[in-house]
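Comments concern the structure below.
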Amino acid sequence: MLTFLVSGTLTKVFDNPIKSESVDTPFGEPSSPIEYHDLEGTTCLVLFRHGRDGGIPAHRVNYRSNIWALKESGATHVLAYATTGSVDPDLPIGSFVVPDQIVDYTHDRVGSFETSGIKEHFDFTYPFSSDLRERVIEAAFVAGLSLRDGGTYACSQGPRYETAAEIAKFGRDGCSIVGMTLMPEASLARQIELTYAALALVMNPGAGIDQRAVDIPGSIRYTDDAVQPLQRFNSELVKRIP
């Protein structure tokens, strides 16, 4: 079953659900109830990783509970929405990226289920499913999204935004976008064999990219502008998931 993990500023992409269910997990409550939505006649799951009201900051998200709840609810394919800043100065604000790599700069986040019967060591060479990435890219082009295929996502700790020196370091490390949410989310999904990929909206230049302070309120308009394109994308993606 196709599932969408949604950033707090993109909740408007999804209308009223068919139903919602609270799920209990060994790791506590997920960030929000699991919502069931009808897309093109197909039932999909939606979970808001920051809560339905967006009040849970990235470093406080219970990633283990979220991923476990999705698996228990029948998820097979997970598309993670991410809102990001640009590290690459040539990346247009308002465009989308389908990343193919991650560098994890977080700390003090629990990165394993640590549960009997679940492997602690697993291959994470390529953190995103190549098959799902191809389907995401195809759906995005059909939906008319301005898209870059590939790039490395720098996952910072948050909740503060980065310094200019940190963004410069991420650039030297080969990163092109920066956000706060895809780790350990992506690795936990891999650990329990969920197919996982991400679609990142670039909503502001990273600190120091254009010598201005990061305009947090101003960047929200890019998420508002993305609502209808993402609704078209969702409809195209669900057609491509078996």
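So you can find residues: chains in the structure tokens are A, B, ... in the order shown, residues in each start at 1, and ligands are numbered from 1 in order.
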
(request) From the DSSP assignment of the backbone, select every residue of range 180-231 of chain A that is strand (DSSP E), and format the answer as a ChimeraX atom specification. (result) /A:195-205

(request) Just the residues within 7 Å of range 166-179 of chain A, please, counting only C-alpha atoms, with nothing from its chain fewer than 2 positions along; format it as a list of chain:residue names. (result) A:Thr83, A:Thr84, A:Gly85, A:Ser86, A:Val87, A:Asp88, A:Gly151, A:Thr152, A:Tyr153, A:Ala154, A:Cys155, A:Ser156, A:Glu162, A:Thr163, A:Ala164, A:Thr181, A:Gly206, A:Ala207

(message) Considering only C-alpha atoms, can you say which of A:His77, A:Arg60, A:Arg52, A:Arg160 comes closest to Arg135 in chain A?
(response) A:His77

(request) Output as an MDAnalysis selection string all residues of range 63-235 of chain A that backbone DSSP marks as alpha helix (DSSP H). (result) chainID A and resid 63:72 130:142 164:172 185:191 216:225 227:235

(request) Write out as a count of residues only each polymer residue whose atoms come within 9 Å of Thr9 in chain A, counting only C-alpha atoms; drop sequence neighbours fewer than 6 positions from it. (result) 5

Report as a Markdown table: every residue of range 25-49 of chain A with an atom at most 12 Å from range 113-132 of chain A, its closest pair of atoms, and their distance in Å to one decimal, counting only C-alpha atoms, with rows sorted by chain and ascending residue number.
| residue | atom | partner | partner_atom | distance |
| --- | --- | --- | --- | --- |
| A:Thr25 | CA | A:Phe113 | CA | 11.4 |
| A:Pro26 | CA | A:Thr115 | CA | 9.6 |
| A:Phe27 | CA | A:Phe113 | CA | 8.6 |

(message) Please determine, counting only C-alpha atoms, which residue among A:Ile137, A:Ile34, A:Ala82, A:Leu39 has the shortest atom-to-atom distance to Ser7 in chain A.
(response) A:Ala82

(request) For Ala140 in chain A, work out the shell of residues within 12 Å, counting only C-alpha atoms and skipping chain neighbours fewer than 2 positions away, then give it as a ChimeraX atom specification. (result) /A:95-98,133-138,142-149,198-201,229-238,240

Written file, previous selection with N, CA, C and O atoms, as a tab-separated table (two decimals), in the first residue's frame:
chain	number	residue	atom	x	y	z
A	95	SER	N	11.51	24.66	-6.63
A	95	SER	CA	11.67	23.44	-7.42
A	95	SER	C	11.67	22.22	-6.50
A	95	SER	O	11.65	22.34	-5.28
A	96	PHE	N	11.69	21.05	-7.12
A	96	PHE	CA	11.66	19.79	-6.39
A	96	PHE	C	12.91	18.98	-6.70
A	96	PHE	O	13.48	19.07	-7.79
A	97	VAL	N	13.30	18.15	-5.73
A	97	VAL	CA	14.44	17.25	-5.88
A	97	VAL	C	14.02	15.86	-5.44
A	97	VAL	O	13.34	15.70	-4.42
A	98	VAL	N	14.43	14.86	-6.21
A	98	VAL	CA	14.28	13.47	-5.78
A	98	VAL	C	15.68	13.00	-5.39
A	98	VAL	O	16.47	12.60	-6.26
A	133	ARG	N	12.08	5.50	-6.76
A	133	ARG	CA	12.57	6.77	-7.25
A	133	ARG	C	12.18	6.97	-8.72
A	133	ARG	O	11.74	8.06	-9.12
A	134	GLU	N	12.33	5.93	-9.53
A	134	GLU	CA	11.97	6.04	-10.94
A	134	GLU	C	10.49	6.35	-11.12
A	134	GLU	O	10.11	7.16	-11.97
A	135	ARG	N	9.66	5.73	-10.31
A	135	ARG	CA	8.22	5.98	-10.39
A	135	ARG	C	7.88	7.41	-9.93
A	135	ARG	O	7.01	8.06	-10.50
A	136	VAL	N	8.58	7.87	-8.90
A	136	VAL	CA	8.38	9.24	-8.41
A	136	VAL	C	8.77	10.25	-9.48
A	136	VAL	O	8.05	11.22	-9.75
A	137	ILE	N	9.91	10.03	-10.12
A	137	ILE	CA	10.39	10.94	-11.16
A	137	ILE	C	9.42	10.98	-12.33
A	137	ILE	O	9.07	12.06	-12.84
A	138	GLU	N	8.97	9.82	-12.75
A	138	GLU	CA	8.02	9.77	-13.87
A	138	GLU	C	6.73	10.49	-13.52
A	138	GLU	O	6.23	11.30	-14.32
A	142	VAL	N	5.18	14.02	-15.32
A	142	VAL	CA	3.83	14.02	-15.89
A	142	VAL	C	2.97	15.09	-15.22
A	142	VAL	O	2.15	15.76	-15.86
A	143	ALA	N	3.16	15.27	-13.90
A	143	ALA	CA	2.38	16.27	-13.16
A	143	ALA	C	2.88	17.69	-13.39
A	143	ALA	O	2.26	18.65	-12.91
A	144	GLY	N	4.00	17.85	-14.09
A	144	GLY	CA	4.50	19.19	-14.42
A	144	GLY	C	5.35	19.83	-13.35
A	144	GLY	O	5.54	21.06	-13.36
A	145	LEU	N	5.92	19.04	-12.43
A	145	LEU	CA	6.79	19.62	-11.41
A	145	LEU	C	8.16	19.97	-12.00
A	145	LEU	O	8.68	19.25	-12.84
A	146	SER	N	8.70	21.10	-11.56
A	146	SER	CA	10.07	21.47	-11.91
A	146	SER	C	11.00	20.62	-11.05
A	146	SER	O	11.06	20.79	-9.83
A	147	LEU	N	11.72	19.69	-11.68
A	147	LEU	CA	12.33	18.60	-10.93
A	147	LEU	C	13.81	18.43	-11.25
A	147	LEU	O	14.23	18.57	-12.40
A	148	ARG	N	14.59	18.12	-10.21
A	148	ARG	CA	15.95	17.66	-10.40
A	148	ARG	C	16.04	16.20	-9.96
A	148	ARG	O	15.65	15.85	-8.84
A	149	ASP	N	16.55	15.38	-10.85
A	149	ASP	CA	16.72	13.96	-10.57
A	149	ASP	C	18.07	13.74	-9.91
A	149	ASP	O	19.11	13.87	-10.54
A	198	ALA	N	11.98	9.78	-1.48
A	198	ALA	CA	11.61	11.11	-1.00
A	198	ALA	C	11.42	12.07	-2.16
A	198	ALA	O	12.06	11.94	-3.21
A	199	LEU	N	10.55	13.04	-1.94
A	199	LEU	CA	10.37	14.17	-2.84
A	199	LEU	C	10.53	15.43	-2.03
A	199	LEU	O	9.76	15.68	-1.09
A	200	ALA	N	11.56	16.22	-2.34
A	200	ALA	CA	11.90	17.39	-1.54
A	200	ALA	C	11.52	18.68	-2.27
A	200	ALA	O	11.87	18.87	-3.44
A	201	LEU	N	10.82	19.55	-1.57
A	201	LEU	CA	10.52	20.89	-2.06
A	201	LEU	C	11.58	21.85	-1.54
A	201	LEU	O	11.83	21.92	-0.33
A	229	PRO	N	0.16	21.33	-7.51
A	229	PRO	CA	1.08	20.44	-8.22
A	229	PRO	C	1.29	19.10	-7.50
A	229	PRO	O	1.36	18.05	-8.16
A	230	LEU	N	1.36	19.13	-6.18
A	230	LEU	CA	1.56	17.88	-5.45
A	230	LEU	C	0.31	17.00	-5.48
A	230	LEU	O	0.41	15.77	-5.49
A	231	GLN	N	-0.85	17.61	-5.51
A	231	GLN	CA	-2.07	16.81	-5.66
A	231	GLN	C	-2.09	16.11	-7.01
A	231	GLN	O	-2.49	14.94	-7.11
A	232	ARG	N	-1.64	16.79	-8.06
A	232	ARG	CA	-1.53	16.14	-9.36
A	232	ARG	C	-0.50	15.02	-9.31
A	232	ARG	O	-0.71	13.93	-9.85
A	233	PHE	N	0.61	15.30	-8.65
A	233	PHE	CA	1.67	14.29	-8.52
A	233	PHE	C	1.16	13.05	-7.79
A	233	PHE	O	1.41	11.91	-8.21
A	234	ASN	N	0.44	13.24	-6.69
A	234	ASN	CA	-0.10	12.10	-5.93
A	234	ASN	C	-0.96	11.21	-6.82
A	234	ASN	O	-0.88	9.98	-6.78
A	235	SER	N	-1.81	11.85	-7.62
A	235	SER	CA	-2.69	11.09	-8.51
A	235	SER	C	-1.90	10.31	-9.54
A	235	SER	O	-2.28	9.19	-9.91
A	236	GLU	N	-0.79	10.88	-10.01
A	236	GLU	CA	0.04	10.17	-10.99
A	236	GLU	C	0.84	9.05	-10.31
A	236	GLU	O	1.02	7.97	-10.90
A	237	LEU	N	1.32	9.30	-9.11
A	237	LEU	CA	2.15	8.29	-8.46
A	237	LEU	C	1.35	7.05	-8.11
A	237	LEU	O	1.83	5.92	-8.30
A	238	VAL	N	0.14	7.24	-7.60
A	238	VAL	CA	-0.62	6.08	-7.18
A	238	VAL	C	-0.92	5.14	-8.35
A	238	VAL	O	-1.06	3.92	-8.17
A	240	ARG	N	1.14	4.28	-10.48
A	240	ARG	CA	2.38	3.58	-10.81
A	240	ARG	C	2.85	2.62	-9.71
A	240	ARG	O	3.92	2.04	-9.81

Leu45 in chain A surroundings by only C-alpha atoms, 7 Å radius, close-in-sequence under 3 positions cut, as a compact mmCIF listing (two decimals) with all heavy atoms, in the first residue's frame:
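And here is the file that came out, result-v6.txt:
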# COMPACT_ATOMS: atom_id res chain seq x y z
N LEU A 2 0.56 2.18 -0.85
CA LEU A 2 1.32 3.43 -0.92
C LEU A 2 1.00 4.31 0.29
O LEU A 2 -0.16 4.47 0.67
CB LEU A 2 0.98 4.19 -2.21
CG LEU A 2 1.62 5.57 -2.39
CD1 LEU A 2 3.14 5.46 -2.43
CD2 LEU A 2 1.10 6.23 -3.67
N THR A 3 2.05 4.87 0.87
CA THR A 3 1.93 5.72 2.05
C THR A 3 2.68 7.02 1.82
O THR A 3 3.76 7.04 1.22
CB THR A 3 2.51 5.00 3.28
OG1 THR A 3 1.78 3.80 3.50
CG2 THR A 3 2.42 5.87 4.52
N PHE A 4 2.12 8.10 2.34
CA PHE A 4 2.76 9.41 2.27
C PHE A 4 3.12 9.85 3.69
O PHE A 4 2.26 9.91 4.57
CB PHE A 4 1.84 10.45 1.64
CG PHE A 4 1.49 10.17 0.21
CD1 PHE A 4 0.38 9.40 -0.11
CD2 PHE A 4 2.27 10.66 -0.84
CE1 PHE A 4 0.06 9.13 -1.43
CE2 PHE A 4 1.96 10.39 -2.15
CZ PHE A 4 0.84 9.63 -2.46
N ILE A 34 -3.10 7.38 11.75
CA ILE A 34 -2.95 6.99 10.35
C ILE A 34 -4.22 7.36 9.62
O ILE A 34 -5.31 6.93 10.01
CB ILE A 34 -2.69 5.48 10.21
CG1 ILE A 34 -1.49 5.04 11.05
CG2 ILE A 34 -2.49 5.12 8.74
CD1 ILE A 34 -0.17 5.57 10.59
N GLU A 35 -4.10 8.16 8.58
CA GLU A 35 -5.27 8.53 7.78
C GLU A 35 -5.35 7.67 6.52
O GLU A 35 -4.33 7.34 5.92
CB GLU A 35 -5.21 10.01 7.39
CG GLU A 35 -5.34 10.96 8.56
CD GLU A 35 -5.47 12.41 8.16
OE1 GLU A 35 -5.41 12.71 6.94
OE2 GLU A 35 -5.66 13.26 9.05
N TYR A 36 -6.57 7.34 6.14
CA TYR A 36 -6.83 6.59 4.92
C TYR A 36 -7.47 7.54 3.92
O TYR A 36 -8.48 8.17 4.21
CB TYR A 36 -7.76 5.40 5.20
CG TYR A 36 -7.13 4.32 6.04
CD1 TYR A 36 -6.93 4.50 7.41
CD2 TYR A 36 -6.71 3.12 5.47
CE1 TYR A 36 -6.34 3.52 8.19
CE2 TYR A 36 -6.12 2.13 6.25
CZ TYR A 36 -5.94 2.33 7.60
OH TYR A 36 -5.36 1.35 8.38
N HIS A 37 -6.85 7.64 2.74
CA HIS A 37 -7.33 8.56 1.71
C HIS A 37 -7.60 7.78 0.42
O HIS A 37 -6.91 6.80 0.13
CB HIS A 37 -6.30 9.66 1.44
CG HIS A 37 -6.18 10.66 2.55
ND1 HIS A 37 -6.70 11.93 2.47
CD2 HIS A 37 -5.61 10.57 3.78
CE1 HIS A 37 -6.46 12.58 3.59
NE2 HIS A 37 -5.78 11.78 4.40

(request) Could you tell me which of A:Pro17, A:Gly28, A:Pro205, A:Gly8 comes closest to Phe48 in chain A if we count only C-alpha atoms? (result) A:Gly8

Long-range neighbours of range 66-68 of chain A as a PDB file with N, CA, C and O atoms, in the first residue's frame, 7 Å cut-off, only C-alpha atoms, 4 positions minimum in chain:
ATOM      1  N   THR A  25       2.068   1.316  19.302  1.00  0.00           N
ATOM      2  CA  THR A  25       3.299   0.622  18.918  1.00  0.00           C
ATOM      3  C   THR A  25       4.145   0.355  20.158  1.00  0.00           C
ATOM      4  O   THR A  25       3.941   0.998  21.203  1.00  0.00           O
ATOM      5  N   PRO A  30       2.508   7.195  17.413  1.00  0.00           N
ATOM      6  CA  PRO A  30       3.013   7.924  16.241  1.00  0.00           C
ATOM      7  C   PRO A  30       2.688   9.417  16.348  1.00  0.00           C
ATOM      8  O   PRO A  30       1.911   9.844  17.204  1.00  0.00           O
ATOM      9  N   SER A  31       3.252  10.178  15.447  1.00  0.00           N
ATOM     10  CA  SER A  31       3.051  11.629  15.457  1.00  0.00           C
ATOM     11  C   SER A  31       1.596  12.022  15.245  1.00  0.00           C
ATOM     12  O   SER A  31       1.161  13.076  15.707  1.00  0.00           O
ATOM     13  N   ASN A  62       8.985  10.949  16.860  1.00  0.00           N
ATOM     14  CA  ASN A  62       9.204   9.552  17.234  1.00  0.00           C
ATOM     15  C   ASN A  62       9.265   8.732  15.945  1.00  0.00           C
ATOM     16  O   ASN A  62       8.285   8.126  15.511  1.00  0.00           O
ATOM     17  N   GLU A  72       2.715  -1.786  10.361  1.00  0.00           N
ATOM     18  CA  GLU A  72       1.606  -2.518  10.964  1.00  0.00           C
ATOM     19  C   GLU A  72       0.284  -2.232  10.248  1.00  0.00           C
ATOM     20  O   GLU A  72      -0.611  -3.075  10.243  1.00  0.00           O
ATOM     21  N   LEU A 188      15.322   3.472   9.216  1.00  0.00           N
ATOM     22  CA  LEU A 188      14.342   2.631   9.903  1.00  0.00           C
ATOM     23  C   LEU A 188      13.427   1.934   8.904  1.00  0.00           C
ATOM     24  O   LEU A 188      13.066   0.766   9.077  1.00  0.00           O
ATOM     25  N   ALA A 189      13.042   2.659   7.850  1.00  0.00           N
ATOM     26  CA  ALA A 189      12.227   2.037   6.803  1.00  0.00           C
ATOM     27  C   ALA A 189      12.983   0.884   6.154  1.00  0.00           C
ATOM     28  O   ALA A 189      12.419  -0.195   5.917  1.00  0.00           O
TER      29      ALA A 189
END

(message) Taking only C-alpha atoms into account, name the residue in A:Gln157, A:Thr42, A:Ser219, A:Ser20 that is nearest to Asp104 in chain A.
(response)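 Result for the nearest residue to Asp104 in chain A: A:Gln157.
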